[in-house]
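One file, coords-v4.cif, carrying mmCIF, C-alpha atoms:
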```
data_entry
#
loop_
_atom_site.label_atom_id
_atom_site.label_comp_id
_atom_site.auth_asym_id
_atom_site.auth_seq_id
_atom_site.Cartn_x
_atom_site.Cartn_y
_atom_site.Cartn_z
CA MET M 161 -11.98 33.21 4.00
CA LYS M 162 -11.04 30.28 6.23
CA LYS M 163 -14.06 28.46 4.88
CA TYR M 164 -12.45 28.42 1.44
CA LEU M 165 -8.90 27.58 2.57
CA ALA M 166 -8.98 24.32 0.59
CA ALA M 167 -10.00 26.26 -2.53
CA ILE M 168 -7.15 28.75 -1.95
CA ILE M 169 -4.56 25.97 -1.60
CA CYS M 170 -5.76 24.01 -4.64
CA GLY M 171 -6.29 27.22 -6.63
CA PHE M 172 -2.71 28.25 -5.91
CA GLY M 173 -1.45 24.84 -7.05
CA ALA M 174 -3.45 25.01 -10.28
CA GLY M 175 -2.39 28.63 -10.91
CA VAL M 176 1.27 27.69 -10.55
CA LEU M 177 0.93 24.64 -12.82
CA GLN M 178 -0.67 26.79 -15.50
CA ILE M 179 1.90 29.57 -15.47
CA VAL M 180 5.39 28.60 -14.35
CA PRO M 181 7.66 27.93 -17.35
CA PHE M 182 8.54 24.27 -17.92
CA VAL M 183 5.90 23.06 -15.42
CA LYS M 184 3.43 24.73 -17.77
CA ASN M 185 4.35 22.19 -20.48
CA PHE M 186 2.49 19.58 -18.47
CA SER M 187 -0.64 21.70 -18.29
CA CYS M 188 -3.78 20.10 -19.50
CA CYS M 189 -7.52 20.64 -19.38
CA MET M 190 -7.79 18.33 -16.36
CA ILE M 191 -5.73 20.56 -13.99
CA LEU M 192 -8.51 22.88 -12.90
CA PRO M 193 -11.29 20.30 -12.62
CA LEU M 194 -8.91 18.13 -10.60
CA ALA M 195 -7.94 21.10 -8.40
CA ALA M 196 -11.64 21.73 -7.69
CA PHE M 197 -12.16 18.04 -6.92
CA PHE M 198 -9.18 18.02 -4.53
CA SER M 199 -10.40 21.18 -2.84
CA LEU M 200 -13.67 19.38 -2.02
CA LEU M 201 -11.76 16.37 -0.68
CA LEU M 202 -9.42 18.60 1.31
CA ASP M 203 -12.34 20.50 2.79
CA GLN M 204 -13.99 17.21 3.81
CA ARG M 205 -10.81 16.16 5.62
CA ALA M 206 -10.30 19.55 7.26
CA THR M 207 -13.86 19.87 8.53
CA ARG M 208 -14.23 16.11 9.20
CA ASN M 209 -17.59 16.35 7.52
CA PHE M 210 -18.02 13.28 5.32
CA GLU M 211 -21.68 13.82 4.53
CA LYS M 212 -23.10 14.25 1.04
CA ILE M 213 -21.81 17.47 -0.55
CA PRO M 214 -24.57 19.89 -1.60
CA MET M 215 -24.19 20.95 -5.24
CA LYS M 216 -24.37 24.62 -4.28
CA LYS M 217 -21.29 24.14 -2.10
CA ALA M 218 -19.57 22.14 -4.85
CA LEU M 219 -20.22 24.91 -7.37
CA LEU M 220 -18.91 27.58 -4.99
CA PHE M 221 -15.80 25.57 -4.15
CA GLY M 222 -15.13 24.96 -7.84
CA LEU M 223 -15.74 28.60 -8.68
CA PHE M 224 -13.46 29.83 -5.89
CA THR M 225 -10.75 27.34 -6.84
CA GLY M 226 -10.92 28.74 -10.37
CA LEU M 227 -10.93 32.35 -9.18
CA PHE M 228 -7.97 31.79 -6.85
CA ALA M 229 -6.11 29.96 -9.62
CA ALA M 230 -6.84 32.91 -11.92
CA SER M 231 -5.65 35.46 -9.33
CA PHE M 232 -2.43 33.61 -8.49
CA GLY M 233 -1.87 32.70 -12.14
CA SER M 234 -2.36 36.27 -13.37
CA VAL M 235 -0.10 37.79 -10.71
CA LEU M 236 2.61 35.18 -11.34
CA GLU M 237 2.43 35.55 -15.10
CA ILE M 238 2.57 39.34 -15.01
CA LEU M 239 5.42 39.22 -12.48
CA ILE M 240 7.44 36.64 -14.42
CA THR M 241 6.95 38.66 -17.62
CA PHE M 242 8.03 41.83 -15.83
CA ILE M 243 11.17 40.24 -14.39
CA THR M 244 12.27 38.16 -17.37
CA LYS M 245 10.92 40.47 -20.12
CA HIS M 246 10.02 37.28 -21.92
CA ASN M 247 6.85 35.21 -22.23
CA ASP M 248 4.87 33.04 -24.61
CA VAL M 249 3.89 36.02 -26.78
CA ILE M 250 7.55 36.58 -27.58
CA ALA M 251 8.25 32.87 -27.89
CA SER M 252 5.36 32.32 -30.30
CA PHE M 253 5.83 35.46 -32.37
CA THR M 254 7.61 33.74 -35.27
CA ASP M 255 4.94 31.03 -35.22
CA LEU M 256 2.16 33.58 -35.39
CA GLN M 257 3.95 35.39 -38.21
CA ARG M 258 4.16 32.11 -40.13
CA ILE M 259 0.48 31.28 -39.51
CA VAL M 260 -0.68 34.75 -40.54
CA GLN M 261 1.53 34.75 -43.65
CA ASN M 262 0.16 31.34 -44.70
CA LEU M 263 -3.46 32.36 -44.31
CA PRO M 264 -5.38 33.68 -47.32
CA LEU M 265 -5.70 37.21 -45.95
CA SER M 266 -5.51 40.63 -47.53
CA GLU M 267 -2.20 42.42 -47.03
CA ASP M 268 -3.88 45.14 -44.96
CA ILE M 269 -5.29 42.67 -42.44
CA LYS M 270 -1.99 40.78 -42.21
CA LYS M 271 -0.15 44.03 -41.58
CA GLU M 272 -2.67 45.20 -38.99
CA VAL M 273 -2.59 41.94 -36.99
CA LEU M 274 1.17 41.72 -37.02
CA ASN M 275 1.46 45.40 -36.02
CA ILE M 276 -0.73 44.82 -32.95
CA PHE M 277 1.27 41.77 -32.00
CA GLN M 278 4.56 43.53 -32.71
CA SER M 279 3.64 46.46 -30.44
CA VAL M 280 2.78 44.05 -27.59
CA ARG M 281 6.07 42.23 -28.19
CA GLU M 282 8.08 45.46 -28.17
CA ASP M 283 6.41 46.69 -24.97
CA ILE M 284 7.28 43.42 -23.24
CA LEU M 285 10.87 43.35 -24.50
CA LYS M 286 11.39 46.97 -23.50
CA ASN M 287 9.41 47.35 -20.26
CA GLY M 288 8.36 43.81 -19.32
CA PHE M 289 4.79 45.05 -19.40
CA SER M 290 2.05 45.54 -21.96
CA ILE M 291 -1.45 46.80 -21.14
CA LEU M 292 -3.07 44.71 -23.89
CA TYR M 293 -1.25 41.57 -22.79
CA THR M 294 -2.03 42.13 -19.11
CA PHE M 295 -5.69 42.75 -19.90
CA SER M 296 -5.93 39.58 -22.01
CA VAL M 297 -4.18 37.51 -19.31
CA ILE M 298 -6.55 38.71 -16.59
CA VAL M 299 -9.74 38.35 -18.66
CA ASN M 300 -8.69 34.94 -20.00
CA ASN M 301 -7.64 33.55 -16.64
CA PHE M 302 -10.76 34.67 -14.82
CA ILE M 303 -13.24 33.46 -17.43
CA VAL M 304 -11.63 30.12 -18.32
CA ASN M 305 -10.53 29.16 -14.81
CA SER M 306 -13.85 29.96 -13.18
CA ILE M 307 -15.72 27.87 -15.78
CA PHE M 308 -13.36 24.91 -15.57
CA GLY M 309 -13.27 25.16 -11.77
CA SER M 310 -17.06 25.14 -11.53
CA VAL M 311 -17.29 22.16 -13.89
CA GLY M 312 -14.69 20.34 -11.75
CA GLY M 313 -16.60 21.17 -8.57
CA LEU M 314 -19.87 19.76 -9.93
CA ILE M 315 -18.32 16.59 -11.38
CA GLY M 316 -16.14 16.16 -8.28
CA ALA M 317 -19.12 16.38 -5.95
CA ARG M 318 -21.00 13.81 -8.05
CA ILE M 319 -18.04 11.44 -7.76
CA ILE M 320 -17.64 11.96 -4.00
CA ASN M 321 -21.39 11.66 -3.37
CA SER M 322 -21.66 8.59 -5.56
CA LYS M 323 -18.80 6.98 -3.59
CA LEU M 324 -20.56 7.82 -0.29
CA HIS M 325 -23.83 6.45 -1.63
CA HIS M 326 -22.23 3.13 -2.57
CA GLN M 327 -20.33 2.92 0.73
CA SER M 328 -23.53 3.43 2.73
CA ASN M 329 -25.34 0.86 0.55
CA GLY M 330 -22.56 -1.64 1.13
CA GLN M 331 -22.74 -1.35 4.91
CA MET R 247 -33.18 19.39 -16.53
CA LYS R 248 -35.26 21.69 -18.72
CA ARG R 249 -34.51 21.52 -22.42
CA SER R 250 -33.64 25.23 -22.41
CA TYR R 251 -30.79 24.58 -19.95
CA SER R 252 -29.61 21.67 -22.10
CA LEU R 253 -29.69 23.97 -25.11
CA ILE R 254 -27.51 26.53 -23.31
CA LEU R 255 -25.11 23.77 -22.32
CA PHE R 256 -24.96 22.56 -25.92
CA PHE R 257 -24.27 26.03 -27.32
CA LEU R 258 -21.56 26.73 -24.75
CA SER R 259 -19.88 23.40 -25.60
CA LEU R 260 -20.26 24.15 -29.31
CA ILE R 261 -18.71 27.62 -29.05
CA TRP R 262 -15.81 26.25 -27.01
CA PHE R 263 -15.28 23.41 -29.48
CA LEU R 264 -15.48 25.65 -32.56
CA GLY R 265 -12.90 28.00 -31.04
CA ILE R 266 -10.32 25.22 -31.43
CA PHE R 267 -10.80 25.45 -35.22
CA ILE R 268 -10.45 29.24 -35.49
CA GLU R 269 -8.01 28.90 -38.40
CA TRP R 270 -10.85 27.44 -40.51
CA PHE R 271 -13.06 30.42 -39.72
CA ILE R 272 -10.34 32.81 -40.81
CA LYS R 273 -10.75 31.31 -44.28
CA ILE R 274 -14.46 32.20 -44.15
CA ASP R 275 -14.00 35.70 -42.78
CA GLU R 276 -10.52 37.15 -42.46
CA HIS R 277 -11.51 39.34 -39.51
CA PHE R 278 -11.44 36.23 -37.31
CA VAL R 279 -7.65 36.54 -37.49
CA PHE R 280 -7.83 39.24 -34.80
CA ALA R 281 -9.19 36.61 -32.40
CA LEU R 282 -6.39 34.14 -33.16
CA PRO R 283 -3.70 35.41 -30.71
CA TYR R 284 -6.32 35.83 -27.99
CA LEU R 285 -7.75 32.33 -28.50
CA GLN R 286 -4.26 30.82 -28.60
CA LYS R 287 -3.73 32.32 -25.16
CA THR R 288 -7.15 31.12 -23.97
CA TYR R 289 -6.58 27.51 -24.97
CA SER R 290 -3.01 27.58 -23.66
CA LEU R 291 -4.53 27.71 -20.18
CA VAL R 292 -6.12 24.32 -20.66
CA CYS R 293 -3.72 22.60 -23.06
CA HIS R 294 0.06 22.38 -23.43
CA GLN R 295 -0.37 22.99 -27.21
CA GLU R 296 2.75 21.01 -28.09
CA LYS R 297 3.28 21.41 -31.82
CA ASN R 298 3.69 17.69 -32.58
CA LYS R 299 0.49 16.82 -30.71
CA LEU R 300 -1.86 19.28 -32.43
CA LEU R 301 -4.26 17.97 -35.07
CA LEU R 302 -3.17 18.99 -38.54
CA PHE R 303 -5.44 19.35 -41.55
CA GLY R 304 -3.24 20.41 -44.44
CA GLU R 305 -1.57 23.62 -43.28
CA ILE R 306 -4.18 24.34 -40.66
CA GLU R 307 -3.87 23.14 -37.10
CA THR R 308 -6.12 23.01 -34.06
CA LEU R 309 -5.47 25.19 -31.01
CA THR R 310 -5.53 22.19 -28.64
CA CYS R 311 -3.79 18.82 -28.73
CA ALA R 312 -5.45 15.66 -30.05
CA ARG R 313 -6.39 14.47 -26.56
CA CYS R 314 -8.00 17.75 -25.48
CA THR R 315 -9.82 18.03 -28.84
CA GLY R 316 -11.15 14.51 -28.19
CA ILE R 317 -12.30 15.48 -24.70
CA TYR R 318 -14.15 18.55 -25.98
CA LEU R 319 -15.78 16.65 -28.83
CA GLY R 320 -16.70 14.03 -26.23
CA LEU R 321 -18.44 16.76 -24.22
CA LEU R 322 -20.14 18.25 -27.26
CA LEU R 323 -21.77 15.16 -28.79
CA PRO R 324 -23.61 13.96 -25.65
CA SER R 325 -24.77 17.56 -25.06
CA LEU R 326 -26.51 17.25 -28.44
CA LEU R 327 -27.88 13.81 -27.55
CA VAL R 328 -29.47 15.04 -24.30
CA LEU R 329 -31.38 17.60 -26.35
CA LEU R 330 -33.09 14.71 -28.12
CA LYS R 331 -33.51 12.38 -25.18
CA LEU R 332 -33.06 13.20 -21.52
CA PRO R 333 -30.94 10.62 -19.69
CA LYS R 334 -32.40 8.71 -16.77
CA GLY R 335 -30.85 6.46 -14.18
CA LYS R 336 -27.97 6.89 -11.74
CA LEU R 337 -24.33 6.96 -12.67
CA HIS R 338 -21.96 4.62 -10.92
CA ILE R 339 -18.53 6.04 -10.16
CA ASN R 340 -16.89 2.97 -11.72
CA ILE R 341 -18.19 3.98 -15.15
CA LEU R 342 -16.16 7.19 -15.04
CA LEU R 343 -13.11 5.32 -13.77
CA VAL R 344 -13.39 2.79 -16.60
CA ALA R 345 -13.79 5.64 -19.12
CA ALA R 346 -10.74 7.43 -17.70
CA ALA R 347 -8.55 4.31 -17.52
CA PRO R 348 -7.56 4.17 -21.23
CA MET R 349 -6.53 7.84 -21.19
CA ILE R 350 -4.54 7.50 -17.99
CA ALA R 351 -2.89 4.34 -19.33
CA ASP R 352 -2.08 6.07 -22.65
CA VAL R 353 -0.56 9.10 -20.88
CA LEU R 354 1.55 6.86 -18.63
CA LEU R 355 2.66 4.46 -21.35
CA THR R 356 3.64 7.20 -23.83
CA SER R 357 5.39 9.18 -21.07
CA LEU R 358 7.40 6.07 -20.14
CA ASN R 359 8.19 5.56 -23.85
CA ILE R 360 6.61 2.11 -23.82
CA TYR R 361 5.00 3.02 -27.11
CA ALA R 362 5.05 6.11 -29.32
CA TYR R 363 2.49 8.86 -28.93
CA SER R 364 -0.37 8.46 -31.37
CA LYS R 365 -2.75 11.32 -32.10
CA LEU R 366 -5.53 8.88 -32.93
CA ILE R 367 -5.22 6.98 -29.62
CA ALA R 368 -4.92 10.27 -27.71
CA PHE R 369 -8.02 11.61 -29.48
CA LEU R 370 -10.08 8.46 -28.91
CA THR R 371 -9.12 8.05 -25.24
CA GLY R 372 -9.88 11.74 -24.66
CA PHE R 373 -13.19 11.37 -26.46
CA LEU R 374 -14.14 8.41 -24.26
CA LEU R 375 -13.47 10.32 -21.05
CA GLY R 376 -15.15 13.48 -22.33
CA SER R 377 -18.33 11.72 -23.37
CA PHE R 378 -18.78 9.88 -20.07
CA GLY R 379 -17.61 12.89 -18.07
CA PHE R 380 -20.38 14.93 -19.67
CA PHE R 381 -23.06 12.81 -18.00
CA TYR R 382 -21.51 13.48 -14.58
CA LEU R 383 -21.51 17.20 -15.35
CA TYR R 384 -25.08 16.95 -16.57
CA ALA R 385 -26.16 15.09 -13.44
CA GLY R 386 -24.31 17.65 -11.28
CA LEU R 387 -26.05 20.55 -13.00
CA ASN R 388 -29.36 18.76 -12.67
CA SER R 389 -28.91 18.32 -8.92
CA LEU R 390 -27.79 21.96 -8.61
CA ILE R 391 -30.94 23.21 -10.36
CA LEU R 392 -33.13 21.00 -8.15
CA GLU R 393 -31.31 22.28 -5.04
CA LEU R 394 -31.74 25.91 -6.08
CA LYS R 395 -35.45 25.37 -6.72
CA ARG R 396 -36.04 24.04 -3.21
#
```
Would it be possible to restate this file's structure as structure tokens?
Amino acid sequence: MKKYLAAIICGFGAGVLQIVPFVKNFSCCMILPLAAFFSLLLDQRATRNFEKIPMKKALLFGLFTGLFAASFGSVLEILITFITKHNDVIASFTDLQRIVQNLPLSEDIKKEVLNIFQSVREDILKNGFSILYTFSVIVNNFIVNSIFGSVGGLIGARIINSKLHHQSNGQ
Amino acid sequence: MKRSYSLILFFLSLIWFLGIFIEWFIKIDEHFVFALPYLQKTYSLVCHQEKNKLLLFGEIETLTCARCTGIYLGLLLPSLLVLLKLPKGKLHINILLVAAAPMIADVLLTSLNIYAYSKLIAFLTGFLLGSFGFFYLYAGLNSLILELKR
């Protein structure tokens, strides 16, 4: 576990940035790749190993950063929803209603979609918890974050290695 | 990298990019509407989805902002190009920095209200970073495959 401390720290940071209200407004597709990149830099500093980073290690660091971000993010999101009984599903409900109403759909489909969404909304307003919502948060976070983390790890390692390569050529 | 790996990379990029335009697909088959709330949540992880920054086509809007849509299109197009011709030569870090500079400058300047946010500029600067970033990802994957084969 200690080996991936840098990934835990950066994963936590990314998880928080993705979930916490207000801070979340600044979220962007660069957060996770940057977190993976910083986890590689942090690990280099911590281990004082400034040699070329193997791609296998970069992939693992990126993947773990994404997985830790997903774990922290999911727990925080579920907890915040439970405490506040409010989340983006509730906030975006009127928007979704508008989108669905504007789409050229049959009345049955419109009704079915809105019913599913309404039941999730009611569960959250009443109990602060919905199984469907929790499941979608966990699945989404783990898939998206692990992919973006891995991509960040690979690109990050290329950048760090390329910098090392040019530094050694310059000497 | 083998062409089959490049093909997988292209299809993954394509699926991700097409997901942004789910509202178009609902017009083709209404059952796609069931995926809409789920995809909105998916893309919210990687984009702020501010209403005034989404790309609008009539009444239909994208699930990511102009900048993120640009980045993903920037990743998708080179992934198609590498299917036709495999890139050779090493990438200098400065190329990525130069490609990222317009986007960073645009984010800073619009945040400081030096000029107004423009979807076109956001899209183009995102596209520039995405397309150059792809080659770093491609080179990283290439090195990973070579390492795993050893």
Contacts between chain R and chain M, please, where a residue of chain M counts if it comes within 8 Å (with all atoms listed in the file); show its shortest atom pair and distance in Å to one decimal, rows by chain and ascending number, as a Markdown table.
```
| residue | atom | partner | partner_atom | distance |
| --- | --- | --- | --- | --- |
| M:Gln178 | CA | R:Leu291 | CA | 6.1 |
| M:Lys184 | CA | R:His294 | CA | 7.0 |
| M:Asn185 | CA | R:His294 | CA | 5.2 |
| M:Phe186 | CA | R:His294 | CA | 6.2 |
| M:Ser187 | CA | R:His294 | CA | 5.2 |
| M:Cys188 | CA | R:Cys293 | CA | 4.4 |
| M:Cys189 | CA | R:Val292 | CA | 4.1 |
| M:Met190 | CA | R:Val292 | CA | 7.6 |
| M:Ile191 | CA | R:Val292 | CA | 7.7 |
| M:Pro214 | CA | R:Glu393 | CA | 7.9 |
| M:Met215 | CA | R:Leu390 | CA | 5.0 |
| M:Lys216 | CA | R:Leu390 | CA | 6.1 |
| M:Leu256 | CA | R:Pro283 | CA | 7.7 |
| M:Val260 | CA | R:Val279 | CA | 7.8 |
| M:Leu263 | CA | R:Lys273 | CA | 7.4 |
| M:Pro264 | CA | R:Lys273 | CA | 6.6 |
| M:Leu265 | CA | R:Glu276 | CA | 6.0 |
| M:Ser266 | CA | R:Glu276 | CA | 7.9 |
| M:Ile269 | CA | R:Glu276 | CA | 7.6 |
| M:Val273 | CA | R:Phe280 | CA | 6.3 |
| M:Ser296 | CA | R:Tyr284 | CA | 7.1 |
| M:Val297 | CA | R:Lys287 | CA | 7.8 |
| M:Asn300 | CA | R:Thr288 | CA | 5.7 |
| M:Asn301 | CA | R:Leu291 | CA | 7.5 |
| M:Val304 | CA | R:Thr288 | CA | 7.3 |
| M:Val311 | CA | R:Leu383 | CA | 6.7 |
| M:Leu314 | CA | R:Gly386 | CA | 5.1 |
| M:Ile315 | CA | R:Leu383 | CA | 5.1 |
| M:Ala317 | CA | R:Gly386 | CA | 7.5 |
| M:Arg318 | CA | R:Gly386 | CA | 6.0 |
| M:Ile319 | CA | R:Ile339 | CA | 5.9 |
| M:Ser322 | CA | R:Ile339 | CA | 6.1 |
| M:Lys323 | CA | R:Ile339 | CA | 6.6 |
```
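When the distance limit is 10 Å and all atoms listed in the file are what count, the residues near R:Tyr251, minus those fewer than 3 positions from it on the same chain, are Met247, Lys248, Ile254, Leu255, Phe256, Phe257, Leu329, Leu387, Asn388 and Ile391 of chain R.
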Practice prompt. In Å, rounded to a single decimal, give me how far atom CA of M:Thr294 is from atom CA of M:Leu223.
Written response: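 Separating atom CA of M:Leu223 from atom CA of M:Thr294 is a distance of 21.9 Å.
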Discussion item. For a quick check of understanding, using all atoms listed in the file, which of R:Ser377, R:Thr371, R:Thr308, R:Thr315 has the smallest distance to R:Phe271?
Written reply: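 Looking at the shortest contact to R:Phe271, the residue is R:Thr308.
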Discussion item. One decimal, in Å: what's the spacing between atom CA of M:Leu201 and atom CA of M:Gly313?
Written reply: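 About the pair atom CA of M:Leu201 and atom CA of M:Gly313: they are 10.4 Å apart.
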Fill in: Residue IDs satisfying the PyMOL selection byres ((chain M and resi 276-279) around 9), as a PyMOL selection string
(chain M and resi 249+253+256+271-275+280-284+290) or (chain R and resi 283)
Please evaluate the PyMOL selection byres ((chain M and resi 240-246) around 10) against the structure above and give the resulting residues as a PDB file with C-alpha atoms, in the coordinates of the input.
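Result file follows (result.pdb):
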```pdb
ATOM      1  CA  ILE M 179       1.900  29.570 -15.470  1.00  0.00           C
ATOM      2  CA  VAL M 180       5.390  28.600 -14.350  1.00  0.00           C
ATOM      3  CA  PRO M 181       7.660  27.930 -17.350  1.00  0.00           C
ATOM      4  CA  SER M 234      -2.360  36.270 -13.370  1.00  0.00           C
ATOM      5  CA  VAL M 235      -0.100  37.790 -10.710  1.00  0.00           C
ATOM      6  CA  LEU M 236       2.610  35.180 -11.340  1.00  0.00           C
ATOM      7  CA  GLU M 237       2.430  35.550 -15.100  1.00  0.00           C
ATOM      8  CA  ILE M 238       2.570  39.340 -15.010  1.00  0.00           C
ATOM      9  CA  LEU M 239       5.420  39.220 -12.480  1.00  0.00           C
ATOM     10  CA  ASN M 247       6.850  35.210 -22.230  1.00  0.00           C
ATOM     11  CA  ASP M 248       4.870  33.040 -24.610  1.00  0.00           C
ATOM     12  CA  VAL M 249       3.890  36.020 -26.780  1.00  0.00           C
ATOM     13  CA  ILE M 250       7.550  36.580 -27.580  1.00  0.00           C
ATOM     14  CA  ALA M 251       8.250  32.870 -27.890  1.00  0.00           C
ATOM     15  CA  ARG M 281       6.070  42.230 -28.190  1.00  0.00           C
ATOM     16  CA  GLU M 282       8.080  45.460 -28.170  1.00  0.00           C
ATOM     17  CA  ASP M 283       6.410  46.690 -24.970  1.00  0.00           C
ATOM     18  CA  ILE M 284       7.280  43.420 -23.240  1.00  0.00           C
ATOM     19  CA  LEU M 285      10.870  43.350 -24.500  1.00  0.00           C
ATOM     20  CA  LYS M 286      11.390  46.970 -23.500  1.00  0.00           C
ATOM     21  CA  ASN M 287       9.410  47.350 -20.260  1.00  0.00           C
ATOM     22  CA  GLY M 288       8.360  43.810 -19.320  1.00  0.00           C
ATOM     23  CA  PHE M 289       4.790  45.050 -19.400  1.00  0.00           C
ATOM     24  CA  SER M 290       2.050  45.540 -21.960  1.00  0.00           C
ATOM     25  CA  THR M 294      -2.030  42.130 -19.110  1.00  0.00           C
TER      26      THR M 294
END
```
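Using only C-alpha atoms for every distance, the candidate list R:Leu258, R:Leu366, R:Leu326, R:Ala347 yields R:Leu366 as the residue closest to R:Leu300.
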Discussion item. When you count only C-alpha atoms, which of these residues is closest to R:Gly376: R:Leu264, R:Leu322, R:Leu309, R:Ile341?
Written reply: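 Among the listed residues, R:Leu322 lies closest to R:Gly376.
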Worksheet item: Just how far from atom CA of R:Lys297 is atom CA of M:Asn262, in Å to one decimal?
Response: 16.6 Å
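All residues that come within 12 Å of the coordinates (-4.0, 3.5, -20.5), counting all atoms listed in the file, are given as Leu343, Val344, Ala345, Ala346, Ala347, Pro348, Met349, Ile350, Ala351, Asp352, Val353, Leu354, Leu355, Thr356, Ser357, Leu358, Ile360, Tyr361, Tyr363, Ile367, Ala368, Leu370, Thr371, Gly372, Leu374 and Leu375 of chain R.
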Item to complete: Would you mind listing what lies within 12 Å of R:Lys331 as a list in words, with all atoms listed in the file counted and same-chain residues fewer than 3 positions away left out?
Response: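 Surrounding residues, per the criterion: Met247, Lys248, Arg249, Ser252, Pro324, Ser325, Leu326, Leu327, Val328 and Lys334 of chain R.
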Can you tell me which residues surround M:Phe172 at a distance of at most 8 Å, considering all atoms listed in the file, apart from same-chain residues fewer than 6 positions away, and format the answer as a PDB file with C-alpha atoms, in the coordinates of the input?
```pdb
ATOM      1  CA  PHE M 228      -7.970  31.790  -6.850  1.00  0.00           C
ATOM      2  CA  ALA M 229      -6.110  29.960  -9.620  1.00  0.00           C
ATOM      3  CA  PHE M 232      -2.430  33.610  -8.490  1.00  0.00           C
ATOM      4  CA  GLY M 233      -1.870  32.700 -12.140  1.00  0.00           C
TER       5      GLY M 233
END
```
